[in-house]
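Just data26.txt here, compact mmCIF, C-alpha atoms:
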```txt
# COMPACT_ATOMS: atom_id res chain seq x y z
CA MET A 17 0.00 0.00 0.00
CA LYS A 18 0.96 3.65 -0.30
CA PRO A 19 0.71 6.47 2.25
CA PRO A 20 -2.43 8.61 2.13
CA PRO A 21 -2.29 12.07 0.52
CA LEU A 22 -0.87 14.61 2.95
CA ASP A 23 0.92 17.95 3.15
CA TYR A 24 4.53 18.28 4.23
CA SER A 25 6.62 20.90 6.04
CA ARG A 26 10.32 20.91 6.92
CA PRO A 27 10.92 23.79 9.36
CA GLU A 28 14.39 25.26 9.66
CA SER A 29 14.21 26.14 13.37
CA LEU A 30 12.57 24.93 16.56
CA THR A 31 10.51 28.13 16.71
CA ASP A 32 9.17 27.48 13.20
CA ALA A 33 8.39 23.86 14.05
CA LEU A 34 6.44 24.80 17.18
CA ARG A 35 4.56 27.51 15.31
CA THR A 36 3.66 25.09 12.52
CA LEU A 37 2.46 22.45 14.97
CA ALA A 38 0.40 25.03 16.85
CA ASP A 39 -1.28 26.11 13.60
CA LEU A 40 -1.99 22.52 12.53
CA GLY A 41 -3.32 21.26 15.86
CA PRO A 42 -4.66 17.68 15.58
CA ASP A 43 -3.99 17.63 11.82
CA GLY A 44 -0.19 17.66 12.31
CA LYS A 45 2.15 14.73 12.90
CA VAL A 46 5.87 14.94 13.67
CA LEU A 47 8.36 13.01 11.53
CA ALA A 48 11.82 12.32 12.99
CA GLY A 49 13.32 8.90 12.27
CA GLY A 50 10.12 7.62 10.69
CA GLN A 51 10.91 3.94 11.33
CA SER A 52 7.54 3.40 13.03
CA LEU A 53 5.48 6.17 11.45
CA VAL A 54 6.22 5.48 7.78
CA PRO A 55 5.04 1.83 7.92
CA LEU A 56 1.85 2.97 9.67
CA LEU A 57 1.30 5.52 6.91
CA SER A 58 1.90 2.93 4.22
CA MET A 59 -0.63 0.57 5.80
CA ARG A 60 -3.08 3.47 6.27
CA LEU A 61 -3.17 2.81 10.00
CA ALA A 62 -2.28 6.49 10.48
CA GLU A 63 -3.68 9.21 8.23
CA PRO A 64 -2.49 12.65 9.37
CA MET A 65 -3.27 15.62 7.17
CA HIS A 66 0.20 17.12 7.48
CA LEU A 67 3.71 15.86 8.30
CA VAL A 68 6.13 18.17 10.10
CA ASP A 69 9.66 16.92 9.41
CA ILE A 70 12.04 18.05 12.19
CA ASN A 71 15.23 16.60 10.68
CA ARG A 72 16.74 20.03 10.04
CA LEU A 73 16.68 20.85 13.76
CA ALA A 74 20.27 19.70 14.25
CA ASP A 75 20.46 21.17 17.76
CA LEU A 76 18.18 18.34 18.94
CA ALA A 77 20.69 15.63 17.98
CA TYR A 78 22.52 15.26 21.30
CA VAL A 79 23.30 12.85 24.10
CA THR A 80 24.70 14.53 27.20
CA ARG A 81 24.73 14.40 30.97
CA ALA A 82 23.56 17.16 33.33
CA ASP A 83 22.09 17.43 36.83
CA GLY A 84 22.29 13.70 37.50
CA GLN A 85 20.50 12.76 34.28
CA VAL A 86 21.31 11.46 30.81
CA LEU A 87 19.62 13.82 28.34
CA VAL A 88 18.71 12.48 24.90
CA GLY A 89 17.55 14.94 22.25
CA ALA A 90 14.73 14.27 19.81
CA LEU A 91 17.05 13.74 16.83
CA ALA A 92 19.60 11.47 18.52
CA ARG A 93 19.50 8.21 16.57
CA HIS A 94 19.49 4.90 18.43
CA ALA A 95 22.95 4.16 17.02
CA GLU A 96 24.28 7.50 18.28
CA VAL A 97 22.97 6.88 21.79
CA LEU A 98 24.41 3.38 21.73
CA ALA A 99 27.79 4.70 20.56
CA SER A 100 27.94 7.51 23.13
CA SER A 101 30.91 7.13 25.46
CA LEU A 102 28.98 8.49 28.47
CA VAL A 103 26.01 6.10 28.31
CA PRO A 104 27.67 2.85 29.55
CA ALA A 105 28.91 4.52 32.75
CA ALA A 106 26.05 6.95 33.36
CA GLN A 107 23.08 4.71 32.56
CA PRO A 108 24.13 1.29 31.26
CA LEU A 109 20.55 0.06 30.90
CA LEU A 110 20.16 2.33 27.88
CA ALA A 111 22.99 0.58 26.05
CA LYS A 112 21.83 -2.88 27.12
CA ALA A 113 18.30 -2.34 25.82
CA LEU A 114 19.27 -0.48 22.65
CA ARG A 115 21.20 -3.53 21.42
CA PHE A 116 17.85 -5.31 21.14
CA VAL A 117 16.13 -2.56 19.15
CA ALA A 118 15.37 -3.92 15.67
CA HIS A 119 18.33 -4.10 13.26
CA PRO A 120 21.34 -1.85 12.52
CA ALA A 121 19.61 -0.16 9.60
CA ILE A 122 16.67 0.76 11.84
CA ARG A 123 18.94 1.93 14.67
CA ASN A 124 20.90 4.12 12.26
CA ARG A 125 17.79 6.11 11.38
CA GLY A 126 15.28 5.63 14.19
CA THR A 127 15.38 7.95 17.21
CA THR A 128 15.26 6.98 20.87
CA VAL A 129 12.86 9.80 21.71
CA GLY A 130 10.64 8.84 18.77
CA SER A 131 10.40 5.28 20.03
CA ILE A 132 9.26 6.53 23.42
CA VAL A 133 6.70 8.92 21.95
CA HIS A 134 5.38 6.14 19.70
CA ALA A 135 4.49 4.28 22.93
CA ASP A 136 4.54 0.76 21.52
CA PRO A 137 4.22 -1.59 24.52
CA ALA A 138 6.43 -4.12 22.70
CA ALA A 139 9.30 -1.63 22.32
CA GLU A 140 12.34 -1.52 24.59
CA MET A 141 12.73 2.22 25.21
CA PRO A 142 9.33 2.85 26.84
CA ALA A 143 10.03 0.06 29.35
CA VAL A 144 13.46 1.52 30.15
CA LEU A 145 11.99 4.97 30.76
CA ALA A 146 9.22 3.51 32.92
CA LEU A 147 11.61 1.44 35.04
CA LEU A 148 13.98 4.34 35.68
CA GLY A 149 11.21 6.85 36.35
CA GLY A 150 12.53 9.23 33.70
CA THR A 151 10.87 12.35 32.36
CA VAL A 152 9.83 13.69 28.97
CA ARG A 153 10.28 17.34 28.01
CA VAL A 154 7.38 18.62 25.91
CA LEU A 155 7.38 22.03 24.19
CA THR A 156 4.65 24.13 22.66
CA ALA A 157 4.73 27.57 21.08
CA GLY A 158 3.70 28.91 24.50
CA GLY A 159 5.98 27.06 26.89
CA GLU A 160 7.08 23.67 28.15
CA ARG A 161 6.08 20.93 30.55
CA LEU A 162 7.83 17.89 32.02
CA VAL A 163 5.91 14.63 32.12
CA GLY A 164 6.97 11.72 34.31
CA ALA A 165 7.06 8.22 32.86
CA ARG A 166 4.19 7.16 35.11
CA ASP A 167 1.87 9.65 33.39
CA PHE A 168 3.30 9.57 29.87
CA PHE A 169 2.12 6.18 28.57
CA LEU A 170 -1.66 6.02 28.24
CA GLY A 171 -2.27 2.94 26.07
CA VAL A 172 -1.23 1.11 22.93
CA LEU A 173 0.50 3.68 20.68
CA GLU A 174 -0.94 6.41 22.89
CA SER A 175 1.13 8.89 24.88
CA ASP A 176 0.42 12.12 26.73
CA VAL A 177 1.64 14.29 23.83
CA GLN A 178 -1.14 16.70 22.83
CA PRO A 179 -1.87 18.36 19.45
CA GLY A 180 0.55 21.20 18.82
CA GLU A 181 3.23 19.76 21.13
CA LEU A 182 6.73 18.53 20.34
CA VAL A 183 8.81 16.24 22.53
CA THR A 184 12.34 17.63 22.37
CA GLU A 185 14.11 15.58 25.05
CA VAL A 186 13.90 12.54 27.28
CA ARG A 187 15.75 12.39 30.61
CA PHE A 188 17.02 9.20 32.24
CA PRO A 189 18.34 9.28 35.84
CA VAL A 190 22.03 8.45 36.16
CA LEU A 191 22.63 5.07 37.79
CA PRO A 192 24.24 5.56 41.21
CA ALA A 193 26.97 3.48 42.79
CA GLY A 194 25.55 0.41 44.47
CA ALA A 195 22.90 -0.09 41.79
CA GLY A 196 22.86 -2.30 38.73
CA THR A 197 20.63 -3.03 35.76
CA GLY A 198 19.85 -5.95 33.53
CA PHE A 199 17.89 -6.56 30.35
CA ALA A 200 16.60 -9.72 28.70
CA GLU A 201 14.04 -10.50 26.04
CA VAL A 202 12.85 -13.32 23.82
CA SER A 203 11.77 -12.76 20.22
CA ARG A 204 11.04 -15.17 17.39
CA ARG A 205 14.01 -13.78 15.46
CA ARG A 206 16.75 -11.39 16.51
CA GLY A 207 15.50 -7.86 15.85
CA ASP A 208 11.80 -8.74 15.92
CA TYR A 209 9.53 -7.29 18.55
CA ALA A 210 9.85 -9.18 21.80
CA VAL A 211 7.36 -11.88 22.75
CA CYS A 212 8.29 -10.79 26.28
CA GLY A 213 11.06 -8.61 27.67
CA VAL A 214 12.27 -7.49 31.10
CA ALA A 215 14.37 -4.56 32.27
CA ALA A 216 15.53 -4.85 35.89
CA LEU A 217 17.14 -2.65 38.53
CA ILE A 218 18.68 -3.68 41.84
CA ALA A 219 20.14 -1.36 44.48
CA LEU A 220 22.39 -2.48 47.33
CA ASN A 221 22.95 -0.81 50.69
CA ASP A 222 26.37 -0.24 52.25
CA ARG A 223 26.21 -3.73 53.80
CA GLN A 224 25.96 -5.26 50.32
CA GLU A 225 22.35 -6.31 50.91
CA ILE A 226 19.56 -5.87 48.42
CA GLU A 227 17.60 -2.76 49.34
CA GLN A 228 15.49 -2.28 46.21
CA ALA A 229 14.46 -4.40 43.23
CA ARG A 230 12.21 -3.40 40.35
CA ALA A 231 11.43 -4.75 36.90
CA ALA A 232 9.62 -3.38 33.86
CA TYR A 233 7.93 -5.59 31.28
CA LEU A 234 7.32 -5.16 27.58
CA SER A 235 4.80 -7.04 25.44
CA VAL A 236 2.61 -7.99 28.41
CA GLY A 237 -0.01 -5.23 28.30
CA PRO A 238 -1.08 -1.94 26.70
CA CYS A 239 1.65 0.03 28.55
CA PRO A 240 5.02 -0.82 30.09
CA ARG A 241 4.33 -2.62 33.36
CA VAL A 242 6.59 -1.86 36.33
CA LEU A 243 6.68 -4.20 39.32
CA ASP A 244 8.29 -3.57 42.70
CA LEU A 245 9.92 -6.89 43.62
CA THR A 246 11.66 -5.61 46.74
CA GLU A 247 9.44 -7.66 49.03
CA ALA A 248 10.90 -10.88 47.63
CA LEU A 249 14.54 -9.77 47.94
CA ALA A 250 14.88 -7.10 50.65
CA GLY A 251 17.78 -7.80 52.98
CA ALA A 252 19.18 -10.60 50.84
CA PRO A 253 22.95 -10.65 50.32
CA ALA A 254 24.44 -9.60 47.00
CA ASP A 255 25.11 -13.25 46.13
CA SER A 256 21.49 -14.11 46.86
CA ASP A 257 19.85 -17.36 45.85
CA ARG A 258 16.44 -15.75 46.36
CA LEU A 259 16.07 -14.51 42.78
CA PRO A 260 13.69 -17.37 41.90
CA ALA A 261 11.32 -16.01 44.55
CA ALA A 262 11.26 -12.67 42.74
CA ALA A 263 10.62 -14.46 39.46
CA ALA A 264 7.71 -16.34 41.04
CA MET A 265 6.33 -13.06 42.36
CA ALA A 266 6.48 -11.58 38.87
CA ARG A 267 4.59 -14.55 37.40
CA GLU A 268 1.85 -14.05 39.96
CA LEU A 269 1.49 -10.33 39.23
CA ILE A 270 1.76 -10.38 35.42
CA HIS A 271 -1.49 -10.99 33.52
CA PRO A 272 -0.62 -10.86 29.80
CA GLU A 273 -2.96 -11.54 26.92
CA GLY A 274 -2.39 -14.13 24.25
CA ASP A 275 -2.14 -13.38 20.54
CA ILE A 276 -0.89 -14.98 17.32
CA HIS A 277 2.70 -14.86 18.63
CA ALA A 278 2.28 -16.44 22.05
CA THR A 279 -0.31 -17.64 24.53
CA ALA A 280 -0.88 -15.76 27.74
CA GLU A 281 0.53 -18.68 29.74
CA TYR A 282 3.72 -18.76 27.67
CA ARG A 283 4.22 -15.03 28.17
CA ARG A 284 3.72 -15.46 31.91
CA HIS A 285 6.31 -18.24 31.91
CA LEU A 286 8.74 -16.03 29.98
CA ALA A 287 8.15 -13.17 32.41
CA GLY A 288 9.40 -15.37 35.24
CA VAL A 289 12.41 -16.76 33.37
CA LEU A 290 13.48 -13.35 32.06
CA THR A 291 12.93 -11.66 35.43
CA GLU A 292 15.43 -14.00 37.06
CA ARG A 293 17.88 -13.55 34.19
CA ALA A 294 17.67 -9.74 34.20
CA LEU A 295 17.89 -9.54 38.01
CA LEU A 296 20.99 -11.75 37.99
CA GLU A 297 22.68 -9.39 35.54
CA ALA A 298 21.58 -6.37 37.61
CA LEU A 299 22.90 -7.92 40.81
CA ALA A 300 26.31 -8.61 39.28
CA GLU A 301 26.54 -5.05 38.02
CA ALA A 302 25.49 -3.62 41.40
CA ARG A 303 28.27 -5.56 43.11
CA ASP A 304 30.80 -4.31 40.56
CA ARG A 305 29.74 -0.68 40.95
CA GLY A 306 30.12 -0.77 44.73
CA SER A 307 27.83 0.68 47.36
CA ALA A 308 29.81 3.49 48.98
CA ASP A 309 27.66 6.30 47.61
CA PHE A 310 24.32 4.51 47.43
CA GLY A 311 22.85 6.11 50.53
CA ARG A 312 23.27 9.59 49.05
CA GLN A 313 21.74 8.89 45.61
CA PRO A 314 18.33 7.45 44.66
CA ALA A 315 18.30 4.57 42.18
CA GLY A 316 15.99 6.38 39.79
CA ASN A 317 12.55 7.64 40.67
CA ALA A 318 10.25 4.77 41.50
CA PRO A 319 7.19 5.04 39.30
```
Is it possible to express this structure as structure tokens?
Amino acid sequence: MKPPPLDYSRPESLTDALRTLADLGPDGKVLAGGQSLVPLLSMRLAEPMHLVDINRLADLAYVTRADGQVLVGALARHAEVLASSLVPAAQPLLAKALRFVAHPAIRNRGTTVGSIVHADPAAEMPAVLALLGGTVRVLTAGGERLVGARDFFLGVLESDVQPGELVTEVRFPVLPAGAGTGFAEVSRRRGDYAVCGVAALIALNDRQEIEQARAAYLSVGPCPRVLDLTEALAGAPADSDRLPAAAAMARELIHPEGDIHATAEYRRHLAGVLTERALLEALAEARDRGSADFGRQPAGNAP
């Protein structure tokens, strides 16, 4: 199929882009990487009246660190975020999850912010943002607002972005010492959407005991699902054999739906297996990072 007839603008500045979006209102749709939007257009699952191409806004192509956060601009490609030298140390979960995003050709063009705004519950980046309790910076011609991950994802392919608004940046909390992350997913083929995926975070106290454990799930519901698994692990040593208890807790709390790719029961089984795998990776990283500064830094903002 071919995309529906539509108008097209390519603003030269952020001010022009915001003005154009304000004028268009619900008829406008932002185009950045286009790796999700263009297929939807071609299948006529999305039929905006007007595309606003922001690819000339080069100032939005950045990955940097400030105020205890990793800041990713709207035109930073997945591959650029993955290649950034600051990401592995500042927030390693970003790099771990990005390696599972589609294929190199998609990562070279697709944007990390665009994936989050697209709000596909089977995508990796929304789950990462939800687990870490990150924030989304949204601009309009009249000002800006910051939206927490808890409030940003509303449903399948539905986010809190309103007509006339442009997401210019997503902010991920820096991972403190004494905390670690893990990521695991299962897909039918490498690069496909996950049948189930898990991002995990563990924080240790200065006695090398587990103080906090959380996991976020993709492909199990209409939005990324975040579970607090601390109850199953609190006080356990850093070489704990209690991770299966956390996996069992996740299986009890996850209620996925079945589809043509997997039954609900298989997804629930995967949620348990992948929870244990991701927590094991997170625990190893937390031990490596040490716990000296943990008490002075939060391990992300619990959603």
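Using only C-alpha atoms, the nearest neighbour of Val86 (chain A) within the list A:Asp43, A:Asp69, A:Asp23, A:Glu185 is A:Glu185.
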*For Arg123 (chain A), which residue out of A:Leu53, A:Ile226, A:Ala92, A:Ala248 is the nearest one, using only C-alpha atoms?*
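Of A:Leu53, A:Ile226, A:Ala92, A:Ala248, the one nearest Arg123 (chain A), counting only C-alpha atoms, is A:Ala92.
One distance worth recording is that between CA of Asn124 (chain A) and CA of Val152 (chain A), which is 22.2 Å.
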*asked:* Which polymer residues, whether protein, DNA or RNA, lie within 12 Å of the coordinate (9.4, 22.0, 2.8) when you count only C-alpha atoms? List them as a ChimeraX atom specification, using the chain letters and numbers from the file.
replied: /A:23-28,32-33,36,66-72
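Distances here use all atoms listed in the file; by that measure, the residue among A:Ala48, A:Ala105, A:Thr156, A:Arg161 closest to Arg125 (chain A) is A:Ala48.
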Please work out which residues fall within 9 Å of (22.5, 5.0, 30.4), coordinates as given in the file, with only C-alpha atoms counting, and return them as a CSV table (one decimal) with C-alpha atoms, in the coordinates of the input.
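Done, and the output landed in selection_30.csv:
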```
chain,number,residue,atom,x,y,z
A,85,GLN,CA,20.5,12.8,34.3
A,86,VAL,CA,21.3,11.5,30.8
A,97,VAL,CA,23.0,6.9,21.8
A,102,LEU,CA,29.0,8.5,28.5
A,103,VAL,CA,26.0,6.1,28.3
A,104,PRO,CA,27.7,2.8,29.6
A,105,ALA,CA,28.9,4.5,32.8
A,106,ALA,CA,26.0,7.0,33.4
A,107,GLN,CA,23.1,4.7,32.6
A,108,PRO,CA,24.1,1.3,31.3
A,109,LEU,CA,20.6,0.1,30.9
A,110,LEU,CA,20.2,2.3,27.9
A,111,ALA,CA,23.0,0.6,26.0
A,112,LYS,CA,21.8,-2.9,27.1
A,188,PHE,CA,17.0,9.2,32.2
A,189,PRO,CA,18.3,9.3,35.8
A,190,VAL,CA,22.0,8.4,36.2
A,191,LEU,CA,22.6,5.1,37.8
```
*Atom pair CA of Glu174 (chain A) / CA of Leu148 (chain A): separation (Å)*: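 Spanning CA of Glu174 (chain A) to CA of Leu148 (chain A) is a straight-line distance of 19.8 Å.
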*In Å, rounded to a single decimal, give me how far CA of Ala252 (chain A) is from CA of Glu225 (chain A).*
5.3 Å
*asked:* Under the rule that all atoms listed in the file are counted, which of A:Val172, A:Leu145, A:Val54, A:Leu296 is the nearest residue to Pro20 (chain A)?
replied: A:Val54
Would you give me, as a tab-separated table, each residue of region 226-260 of chain A having an atom within 6 Å of an atom of region 202-217 of chain A, along with its shortest atom pair and that distance in Å to one decimal, using all atoms listed in the file and sorting by chain and residue number?
```
residue	atom	partner	partner_atom	distance
A:Ala229	CA	A:Leu217	CA	5.7
A:Arg230	CA	A:Leu217	CA	5.3
A:Ala231	CA	A:Ala216	CA	4.2
A:Ala232	CA	A:Ala215	CA	5.1
A:Tyr233	CA	A:Val214	CA	4.7
A:Leu234	CA	A:Gly213	CA	5.1
A:Ser235	CA	A:Cys212	CA	5.2
```
*Would you kindly return, as an MDAnalysis selection string, each protein, DNA or RNA residue with an atom no farther than 12 Å from any atom of region 268-272 of chain A, considering all atoms listed in the file and excluding same-chain residues fewer than 6 positions away?*
chainID A and resid 137 211:212 214 231:245 261:262 278:288 291
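Of the listed residues A:Leu61, A:Arg153, A:Met17, A:Thr197, the one whose atoms come nearest to Ala294 (chain A) is A:Thr197, with distances taken using only C-alpha atoms.
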*Would you kindly return, as a PyMOL selection string, each protein, DNA or RNA residue with an atom no farther than 6 Å from any atom of Gly89 (chain A), considering all atoms listed in the file and excluding same-chain residues fewer than 2 positions away?*
chain A and resi 76-78+91-92+184-185
